[in-house]
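Text of model-v8.txt, listed as compact mmCIF, N, CA, C and O atoms:
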# COMPACT_ATOMS: atom_id res chain seq x y z
N MET A 836 44.18 8.94 74.52
CA MET A 836 45.25 7.96 74.48
C MET A 836 44.71 6.59 74.90
O MET A 836 44.06 6.46 75.92
N ASP A 837 44.97 5.60 74.09
CA ASP A 837 44.55 4.24 74.42
C ASP A 837 45.35 3.72 75.61
O ASP A 837 46.54 3.93 75.71
N LYS A 838 44.67 3.02 76.50
CA LYS A 838 45.31 2.39 77.65
C LYS A 838 45.44 0.90 77.44
O LYS A 838 45.73 0.17 78.37
N VAL A 839 45.21 0.45 76.21
CA VAL A 839 45.32 -0.97 75.90
C VAL A 839 46.01 -1.14 74.55
O VAL A 839 45.72 -0.40 73.60
N THR A 840 46.95 -2.07 74.49
CA THR A 840 47.64 -2.41 73.26
C THR A 840 47.67 -3.94 73.16
O THR A 840 47.25 -4.63 74.08
N ALA A 841 48.18 -4.44 72.05
CA ALA A 841 48.21 -5.89 71.84
C ALA A 841 49.53 -6.31 71.21
O ALA A 841 50.12 -5.56 70.44
N THR A 842 49.95 -7.52 71.54
CA THR A 842 51.14 -8.10 70.92
C THR A 842 50.78 -8.53 69.50
O THR A 842 49.61 -8.72 69.17
N PRO A 843 51.79 -8.73 68.66
CA PRO A 843 51.52 -9.25 67.31
C PRO A 843 50.78 -10.60 67.36
O PRO A 843 49.91 -10.86 66.52
N GLU A 844 51.11 -11.45 68.33
CA GLU A 844 50.43 -12.74 68.46
C GLU A 844 48.95 -12.56 68.79
O GLU A 844 48.10 -13.29 68.25
N ALA A 845 48.63 -11.60 69.63
CA ALA A 845 47.23 -11.33 69.96
C ALA A 845 46.49 -10.79 68.74
O ALA A 845 45.34 -11.18 68.49
N LEU A 846 47.14 -9.92 67.99
CA LEU A 846 46.49 -9.38 66.78
C LEU A 846 46.27 -10.48 65.75
O LEU A 846 45.23 -10.48 65.06
N GLN A 847 47.18 -11.43 65.65
CA GLN A 847 47.00 -12.54 64.71
C GLN A 847 45.82 -13.42 65.13
O GLN A 847 44.99 -13.79 64.29
N LEU A 848 45.72 -13.75 66.42
CA LEU A 848 44.59 -14.54 66.89
C LEU A 848 43.29 -13.78 66.69
O LEU A 848 42.28 -14.36 66.26
N LEU A 849 43.32 -12.49 66.94
CA LEU A 849 42.13 -11.66 66.73
C LEU A 849 41.70 -11.70 65.27
O LEU A 849 40.51 -11.84 64.97
N GLU A 850 42.65 -11.62 64.33
CA GLU A 850 42.32 -11.69 62.90
C GLU A 850 41.64 -13.02 62.57
O GLU A 850 40.68 -13.04 61.80
N GLU A 851 42.13 -14.12 63.13
CA GLU A 851 41.52 -15.43 62.89
C GLU A 851 40.08 -15.46 63.40
O GLU A 851 39.18 -15.98 62.73
N ILE A 852 39.87 -14.91 64.58
CA ILE A 852 38.53 -14.92 65.18
C ILE A 852 37.58 -14.05 64.37
O ILE A 852 36.44 -14.45 64.09
N VAL A 853 38.03 -12.87 63.95
CA VAL A 853 37.19 -11.97 63.14
C VAL A 853 36.85 -12.62 61.81
O VAL A 853 35.72 -12.51 61.32
N ALA A 854 37.81 -13.35 61.21
CA ALA A 854 37.54 -14.04 59.95
C ALA A 854 36.43 -15.08 60.12
O ALA A 854 35.63 -15.31 59.21
N ASP A 855 36.37 -15.71 61.29
CA ASP A 855 35.35 -16.73 61.55
C ASP A 855 34.02 -16.16 62.04
O ASP A 855 32.97 -16.74 61.78
N HIS A 856 34.06 -15.05 62.77
CA HIS A 856 32.86 -14.57 63.48
C HIS A 856 32.43 -13.15 63.13
O HIS A 856 31.40 -12.69 63.62
N GLY A 857 33.22 -12.42 62.36
CA GLY A 857 32.89 -11.02 62.09
C GLY A 857 33.39 -10.13 63.21
O GLY A 857 34.18 -10.56 64.06
N PRO A 858 32.96 -8.86 63.24
CA PRO A 858 33.45 -7.90 64.22
C PRO A 858 33.22 -8.37 65.66
O PRO A 858 32.18 -8.94 65.98
N VAL A 859 34.22 -8.10 66.50
CA VAL A 859 34.17 -8.52 67.90
C VAL A 859 34.47 -7.34 68.82
O VAL A 859 34.89 -6.28 68.38
N LEU A 860 34.26 -7.58 70.10
CA LEU A 860 34.67 -6.64 71.13
C LEU A 860 35.25 -7.43 72.29
O LEU A 860 35.03 -8.64 72.40
N PHE A 861 36.01 -6.74 73.13
CA PHE A 861 36.58 -7.35 74.33
C PHE A 861 35.97 -6.71 75.56
O PHE A 861 35.65 -5.53 75.56
N HIS A 862 35.86 -7.52 76.62
CA HIS A 862 35.42 -7.01 77.91
C HIS A 862 36.23 -7.66 79.00
O HIS A 862 36.38 -8.88 79.04
N GLN A 863 36.76 -6.84 79.88
CA GLN A 863 37.56 -7.30 81.02
C GLN A 863 36.78 -6.94 82.28
O GLN A 863 36.74 -5.79 82.67
N SER A 864 36.12 -7.93 82.89
CA SER A 864 35.29 -7.61 84.05
C SER A 864 36.01 -7.78 85.37
O SER A 864 35.67 -7.14 86.36
N GLY A 865 36.98 -8.69 85.41
CA GLY A 865 37.69 -8.91 86.67
C GLY A 865 36.93 -9.78 87.65
O GLY A 865 37.30 -9.87 88.81
N GLY A 866 35.86 -10.44 87.21
CA GLY A 866 35.11 -11.32 88.09
C GLY A 866 35.89 -12.57 88.43
O GLY A 866 36.97 -12.82 87.90
N CYS A 867 35.34 -13.39 89.29
CA CYS A 867 36.06 -14.57 89.78
C CYS A 867 36.41 -15.54 88.67
O CYS A 867 37.42 -16.23 88.74
N CYS A 868 35.62 -15.60 87.63
CA CYS A 868 35.87 -16.56 86.56
C CYS A 868 36.74 -15.99 85.44
O CYS A 868 37.21 -16.71 84.60
N ASP A 869 36.91 -14.67 85.43
CA ASP A 869 37.64 -14.05 84.33
C ASP A 869 39.13 -13.92 84.62
O ASP A 869 39.95 -14.16 83.76
N GLY A 870 39.48 -13.48 85.82
CA GLY A 870 40.87 -13.29 86.16
C GLY A 870 41.56 -12.37 85.19
O GLY A 870 41.11 -11.27 84.93
N SER A 871 42.66 -12.82 84.61
CA SER A 871 43.43 -11.98 83.69
C SER A 871 43.08 -12.27 82.24
O SER A 871 43.80 -11.86 81.34
N SER A 872 42.00 -12.97 81.99
CA SER A 872 41.59 -13.29 80.62
C SER A 872 40.50 -12.35 80.15
O SER A 872 39.38 -12.38 80.68
N PRO A 873 40.80 -11.50 79.16
CA PRO A 873 39.72 -10.69 78.61
C PRO A 873 38.79 -11.59 77.80
O PRO A 873 39.23 -12.54 77.17
N MET A 874 37.52 -11.30 77.84
CA MET A 874 36.54 -12.08 77.10
C MET A 874 36.31 -11.42 75.74
O MET A 874 36.21 -10.21 75.65
N CYS A 875 36.23 -12.26 74.70
CA CYS A 875 36.05 -11.79 73.33
C CYS A 875 34.68 -12.26 72.85
O CYS A 875 34.39 -13.46 72.86
N TYR A 876 33.84 -11.31 72.43
CA TYR A 876 32.47 -11.61 72.02
C TYR A 876 32.18 -11.02 70.64
O TYR A 876 32.73 -9.98 70.29
N PRO A 877 31.24 -11.62 69.90
CA PRO A 877 30.78 -10.96 68.67
C PRO A 877 30.13 -9.63 69.04
O PRO A 877 29.41 -9.55 70.04
N GLN A 878 30.41 -8.59 68.27
CA GLN A 878 29.74 -7.31 68.54
C GLN A 878 28.24 -7.52 68.40
O GLN A 878 27.78 -8.18 67.48
N GLY A 879 27.49 -7.02 69.33
CA GLY A 879 26.04 -7.19 69.33
C GLY A 879 25.58 -8.32 70.22
O GLY A 879 24.41 -8.37 70.59
N ASP A 880 26.47 -9.25 70.58
CA ASP A 880 26.10 -10.36 71.47
C ASP A 880 26.37 -10.05 72.93
O ASP A 880 25.98 -10.80 73.80
N PHE A 881 27.07 -8.97 73.21
CA PHE A 881 27.38 -8.59 74.58
C PHE A 881 26.91 -7.16 74.78
O PHE A 881 27.27 -6.27 74.00
N ILE A 882 26.12 -6.93 75.79
CA ILE A 882 25.60 -5.59 76.06
C ILE A 882 26.57 -4.86 76.97
O ILE A 882 26.86 -5.32 78.08
N ILE A 883 27.09 -3.74 76.48
CA ILE A 883 27.99 -2.91 77.27
C ILE A 883 27.16 -2.17 78.31
O ILE A 883 26.14 -1.57 77.99
N GLY A 884 27.60 -2.23 79.56
CA GLY A 884 26.89 -1.56 80.64
C GLY A 884 27.13 -0.06 80.64
O GLY A 884 28.13 0.43 80.10
N ASP A 885 26.21 0.67 81.25
CA ASP A 885 26.32 2.13 81.32
C ASP A 885 27.59 2.57 82.04
O ASP A 885 28.09 3.66 81.80
N ARG A 886 28.09 1.75 82.94
CA ARG A 886 29.27 2.12 83.72
C ARG A 886 30.57 1.51 83.18
O ARG A 886 31.63 1.76 83.72
N ASP A 887 30.47 0.69 82.14
CA ASP A 887 31.69 0.13 81.55
C ASP A 887 32.50 1.25 80.91
O ASP A 887 31.95 2.22 80.40
N VAL A 888 33.82 1.10 80.94
CA VAL A 888 34.74 2.12 80.44
C VAL A 888 35.45 1.57 79.20
O VAL A 888 36.00 0.46 79.24
N LYS A 889 35.44 2.34 78.12
CA LYS A 889 36.17 1.94 76.91
C LYS A 889 37.62 2.41 77.06
O LYS A 889 37.89 3.60 77.18
N LEU A 890 38.55 1.45 77.07
CA LEU A 890 39.96 1.77 77.22
C LEU A 890 40.63 2.10 75.90
O LEU A 890 41.69 2.69 75.87
N GLY A 891 40.04 1.65 74.81
CA GLY A 891 40.62 1.86 73.49
C GLY A 891 40.22 0.75 72.56
O GLY A 891 39.17 0.11 72.76
N GLU A 892 41.05 0.49 71.55
CA GLU A 892 40.78 -0.57 70.59
C GLU A 892 42.07 -1.33 70.31
O GLU A 892 43.15 -0.74 70.35
N ILE A 893 41.91 -2.61 70.01
CA ILE A 893 43.05 -3.40 69.52
C ILE A 893 42.59 -4.07 68.22
O ILE A 893 41.51 -4.65 68.16
N GLY A 894 43.37 -3.91 67.19
CA GLY A 894 43.02 -4.50 65.91
C GLY A 894 41.64 -4.11 65.42
O GLY A 894 40.97 -4.88 64.75
N GLY A 895 41.19 -2.91 65.77
CA GLY A 895 39.86 -2.44 65.39
C GLY A 895 38.73 -2.90 66.29
O GLY A 895 37.59 -2.50 66.10
N ALA A 896 39.03 -3.72 67.28
CA ALA A 896 38.00 -4.21 68.21
C ALA A 896 37.98 -3.35 69.47
O ALA A 896 39.03 -3.18 70.12
N PRO A 897 36.83 -2.81 69.84
CA PRO A 897 36.76 -2.02 71.06
C PRO A 897 37.06 -2.88 72.29
O PRO A 897 36.72 -4.07 72.33
N PHE A 898 37.69 -2.27 73.29
CA PHE A 898 38.08 -2.98 74.51
C PHE A 898 37.49 -2.22 75.70
O PHE A 898 37.81 -1.05 75.93
N TYR A 899 36.61 -2.91 76.44
CA TYR A 899 35.93 -2.32 77.59
C TYR A 899 36.36 -3.00 78.88
O TYR A 899 36.79 -4.16 78.87
N ILE A 900 36.19 -2.28 79.98
CA ILE A 900 36.47 -2.82 81.30
C ILE A 900 35.35 -2.37 82.22
O ILE A 900 34.78 -1.29 82.05
N SER A 901 35.01 -3.21 83.20
CA SER A 901 33.95 -2.82 84.14
C SER A 901 34.42 -1.62 84.97
O SER A 901 35.62 -1.42 85.17
N ALA A 902 33.48 -0.81 85.43
CA ALA A 902 33.82 0.39 86.19
C ALA A 902 34.61 0.05 87.45
O ALA A 902 35.58 0.72 87.78
N SER A 903 34.22 -1.02 88.14
CA SER A 903 34.92 -1.38 89.37
C SER A 903 36.34 -1.84 89.08
O SER A 903 37.28 -1.50 89.81
N GLN A 904 36.52 -2.58 87.99
CA GLN A 904 37.86 -3.01 87.61
C GLN A 904 38.69 -1.82 87.15
O GLN A 904 39.88 -1.74 87.42
N TYR A 905 38.05 -0.88 86.45
CA TYR A 905 38.76 0.32 86.02
C TYR A 905 39.31 1.08 87.21
O TYR A 905 40.45 1.56 87.19
N GLU A 906 38.53 1.20 88.27
CA GLU A 906 38.99 1.91 89.48
C GLU A 906 40.25 1.25 90.04
O GLU A 906 41.16 1.92 90.49
N ALA A 907 40.29 -0.07 90.01
CA ALA A 907 41.46 -0.79 90.53
C ALA A 907 42.66 -0.68 89.59
O ALA A 907 43.81 -0.70 90.04
N TRP A 908 42.40 -0.58 88.29
CA TRP A 908 43.48 -0.62 87.29
C TRP A 908 43.71 0.70 86.56
O TRP A 908 44.43 0.74 85.58
N LYS A 909 43.11 1.80 87.01
CA LYS A 909 43.17 3.04 86.23
C LYS A 909 44.58 3.60 86.07
O LYS A 909 44.82 4.40 85.18
N HIS A 910 45.52 3.18 86.89
CA HIS A 910 46.90 3.66 86.76
C HIS A 910 47.79 2.63 86.07
O HIS A 910 49.00 2.63 86.24
N THR A 911 47.18 1.74 85.30
CA THR A 911 47.95 0.74 84.57
C THR A 911 47.65 0.84 83.08
O THR A 911 46.59 1.32 82.67
N ASP A 912 48.60 0.38 82.30
CA ASP A 912 48.39 0.20 80.86
C ASP A 912 48.28 -1.30 80.63
O ASP A 912 49.02 -2.08 81.23
N LEU A 913 47.33 -1.71 79.82
CA LEU A 913 47.10 -3.13 79.58
C LEU A 913 47.71 -3.55 78.24
O LEU A 913 47.61 -2.83 77.25
N LEU A 914 48.31 -4.72 78.25
CA LEU A 914 48.85 -5.33 77.04
C LEU A 914 48.16 -6.67 76.88
O LEU A 914 48.24 -7.52 77.76
N ILE A 915 47.48 -6.85 75.75
CA ILE A 915 46.80 -8.11 75.49
C ILE A 915 47.77 -9.01 74.74
O ILE A 915 48.32 -8.64 73.72
N ASP A 916 47.97 -10.20 75.30
CA ASP A 916 48.91 -11.16 74.78
C ASP A 916 48.18 -12.47 74.53
O ASP A 916 46.97 -12.58 74.79
N VAL A 917 48.89 -13.48 74.06
CA VAL A 917 48.33 -14.82 73.83
C VAL A 917 49.23 -15.83 74.51
O VAL A 917 50.46 -15.72 74.45
N VAL A 918 48.61 -16.80 75.17
CA VAL A 918 49.33 -17.89 75.81
C VAL A 918 48.63 -19.21 75.45
O VAL A 918 47.46 -19.20 75.05
N PRO A 919 49.32 -20.33 75.58
CA PRO A 919 48.66 -21.62 75.33
C PRO A 919 47.54 -21.85 76.35
O PRO A 919 47.64 -21.42 77.50
N GLY A 920 46.48 -22.51 75.92
CA GLY A 920 45.39 -22.85 76.83
C GLY A 920 44.04 -22.56 76.22
O GLY A 920 43.92 -22.20 75.06
N ARG A 921 43.02 -22.73 77.05
CA ARG A 921 41.63 -22.52 76.60
C ARG A 921 41.13 -21.19 77.11
O ARG A 921 41.39 -20.80 78.24
N GLY A 922 40.37 -20.50 76.26
CA GLY A 922 39.77 -19.23 76.65
C GLY A 922 38.57 -19.46 77.56
O GLY A 922 38.19 -20.59 77.87
N GLY A 923 37.97 -18.36 78.00
CA GLY A 923 36.78 -18.44 78.83
C GLY A 923 35.66 -19.17 78.11
O GLY A 923 35.60 -19.18 76.88
N MET A 924 34.77 -19.77 78.87
CA MET A 924 33.72 -20.62 78.31
C MET A 924 32.93 -19.94 77.20
O MET A 924 32.61 -20.55 76.19
N PHE A 925 32.64 -18.66 77.35
CA PHE A 925 31.83 -17.96 76.36
C PHE A 925 32.66 -17.06 75.45
O PHE A 925 32.12 -16.37 74.60
N SER A 926 33.97 -17.07 75.62
CA SER A 926 34.85 -16.22 74.83
C SER A 926 35.19 -16.91 73.51
O SER A 926 35.37 -18.13 73.46
N LEU A 927 35.30 -16.13 72.45
CA LEU A 927 35.55 -16.69 71.12
C LEU A 927 36.93 -17.30 70.94
O LEU A 927 37.18 -17.99 69.97
N ASP A 928 37.84 -17.07 71.89
CA ASP A 928 39.15 -17.72 71.81
C ASP A 928 39.11 -19.14 72.37
O ASP A 928 40.06 -19.91 72.22
N ASN A 929 38.02 -19.53 72.97
CA ASN A 929 37.88 -20.89 73.53
C ASN A 929 37.93 -21.93 72.40
O ASN A 929 37.36 -21.72 71.33
N GLY A 930 38.63 -23.03 72.65
CA GLY A 930 38.70 -24.11 71.68
C GLY A 930 39.78 -23.94 70.63
O GLY A 930 39.89 -24.75 69.71
N ARG A 931 40.60 -22.92 70.74
CA ARG A 931 41.65 -22.67 69.76
C ARG A 931 43.03 -23.05 70.29
O ARG A 931 44.03 -22.84 69.63
N GLU A 932 43.07 -23.57 71.50
CA GLU A 932 44.31 -23.98 72.18
C GLU A 932 45.26 -22.81 72.41
O GLU A 932 46.42 -22.99 72.72
N ARG A 933 44.77 -21.61 72.22
CA ARG A 933 45.45 -20.36 72.58
C ARG A 933 44.40 -19.46 73.17
O ARG A 933 43.23 -19.52 72.78
N ARG A 934 44.81 -18.65 74.12
CA ARG A 934 43.84 -17.74 74.73
C ARG A 934 44.47 -16.38 74.95
O ARG A 934 45.69 -16.25 75.06
N PHE A 935 43.62 -15.37 75.01
CA PHE A 935 44.08 -14.02 75.30
C PHE A 935 44.41 -13.93 76.78
O PHE A 935 43.79 -14.58 77.63
N LEU A 936 45.39 -13.09 77.10
CA LEU A 936 45.81 -12.85 78.48
C LEU A 936 46.10 -11.38 78.62
O LEU A 936 46.76 -10.78 77.75
N THR A 937 45.63 -10.78 79.71
CA THR A 937 45.89 -9.37 79.98
C THR A 937 47.11 -9.25 80.89
O THR A 937 47.14 -9.84 81.96
N ARG A 938 48.08 -8.50 80.43
CA ARG A 938 49.24 -8.15 81.24
C ARG A 938 49.14 -6.67 81.53
O ARG A 938 48.66 -5.89 80.71
N SER A 939 49.60 -6.23 82.69
CA SER A 939 49.50 -4.82 83.03
C SER A 939 50.83 -4.27 83.52
O SER A 939 51.63 -4.99 84.10
N THR A 940 51.03 -2.99 83.24
CA THR A 940 52.19 -2.28 83.75
C THR A 940 51.72 -0.97 84.34
O THR A 940 50.80 -0.34 83.82
N LEU A 941 52.34 -0.58 85.43
CA LEU A 941 52.01 0.67 86.09
C LEU A 941 52.45 1.82 85.20
O LEU A 941 53.55 1.81 84.65
N CYS A 942 51.58 2.80 85.03
CA CYS A 942 51.95 3.95 84.21
C CYS A 942 52.13 5.17 85.10
O CYS A 942 51.69 5.19 86.26
N ALA A 943 52.79 6.17 84.58
CA ALA A 943 53.06 7.38 85.34
C ALA A 943 51.76 8.09 85.67
O ALA A 943 50.85 8.15 84.85
N VAL A 944 51.69 8.62 86.87
CA VAL A 944 50.52 9.37 87.31
C VAL A 944 50.88 10.85 87.28
O VAL A 944 51.86 11.27 87.91
N ASP A 945 50.11 11.63 86.52
CA ASP A 945 50.35 13.07 86.47
C ASP A 945 49.97 13.68 87.81
O ASP A 945 48.92 13.35 88.37
N GLY A 946 50.78 14.51 88.30
CA GLY A 946 50.48 15.05 89.62
C GLY A 946 50.57 16.48 89.61
O GLY A 946 50.46 17.32 90.29

Can the structure from this file be put into structure tokens for me?
Amino acid sequence: MDKVTATPEALQLLEEIVADHGPVLFHQSGGCCDGSSPMCYPQGDFIIGDRDVKLGEIGGAPFYISASQYEAWKHTDLLIDVVPGRGGMFSLDNGRERRFLTRSTLCAVDG
């Protein structure tokens, strides 16, 4: 089961980026500069770490999260949305006056 989904607006922005750059992937590291903004990279330009966790795919693009961030967010479902603003410096949404944003909701824990 995917733990990540996207709004129609996020899927539209993703389509625009893929049309310009080809296949992409997302990575949510949770570092000081990333915050709630997932980073969007051309596939092959970002090396997935051995401990990164694949949460699923949105619009055909794989979505990864760092292992440490996964531990903090493992009981949440992520929704990728779009808001006005600039993306991360190295993210492909930068310069489009719209950026991806990660929203989270607590999910049920099987006990």

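The residue that comes closest to A:Asp912, out of A:Val839, A:Leu936, A:Ala854, A:Leu927 and on the basis of only C-alpha atoms, is A:Val839.
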
Identify which of the residues A:Asp837, A:Ala902, A:Pro843, A:Val918 lies closest to A:Glu932, counting only C-alpha atoms when measuring atom-to-atom distances. A:Val918

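One distance worth recording is that between atom O of A:Asp916 and atom N of A:Thr937, which is 5.4 Å.
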
Would you kindly return, as a count of residues only, each protein, DNA or RNA residue with an atom no farther than 4.5 Å from any atom of A:Thr911, considering all atoms listed in the file and excluding same-chain residues fewer than 2 positions away? 6

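Coordinates place atom CA of A:Pro919 at a distance of 7.7 Å from atom C of A:Arg931.
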
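Relative to atom N of A:Arg886, atom CA of A:Ser871 is found at 20.6 Å.
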
Given only N, CA, C and O atoms as the counted atoms, nearest of A:Leu914, A:Gly923, A:Glu850, A:Ser939 to A:Gly894: A:Glu850

Going by DSSP on the backbone, which residues of stretch 881-917 of chain A come out as strand (DSSP E or B)? List them as a PyMOL selection string. chain A and resi 888-893+896-900+911-917

Box for stretch 876-880 of chain A: with edges along x, y and z, all listed atoms inside and 3 Å added on each side, what are the centre and edge lengths in Å to one decimal, as AutoDock Vina command-line options?
--center_x 29.1 --center_y -9.3 --center_z 70.6 --size_x 15.4 --size_y 10.6 --size_z 12.3

Can you pull out the residues contacting A:Phe898? Cut-off 6 Å, using only N, CA, C and O atoms, and skip same-chain residues under 2 positions away; I want them as a PyMOL selection string. chain A and resi 860-862+888-893+896+900

Can you tell me, as number ranges by chain, what residues are no more than 7 Å from A:Ser926 when counting only N, CA, C and O atoms, ignoring any on the same chain fewer than 6 positions away? A: 873-876

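Here the residues within chain A that DSSP labels helix (DSSP H, G or I) on the basis of the backbone are Pro843, Glu844, Ala845, Leu846, Gln847, Leu848, Leu849, Glu850, Glu851, Ile852, Val853, Ala854, Asp855, His856, Ala902, Ser903, Gln904, Tyr905, Glu906, Ala907 and Trp908 of chain A.
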
For A:Thr842, which of A:Ile882, A:Met924, A:Ile915, A:Ala907 is the closest residue, counting only C-alpha atoms? A:Ile915

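Minimum distance to A:Ala845 across A:Arg934, A:Val917, A:Pro858, A:Gln904 (counting only C-alpha atoms) occurs at A:Val917.
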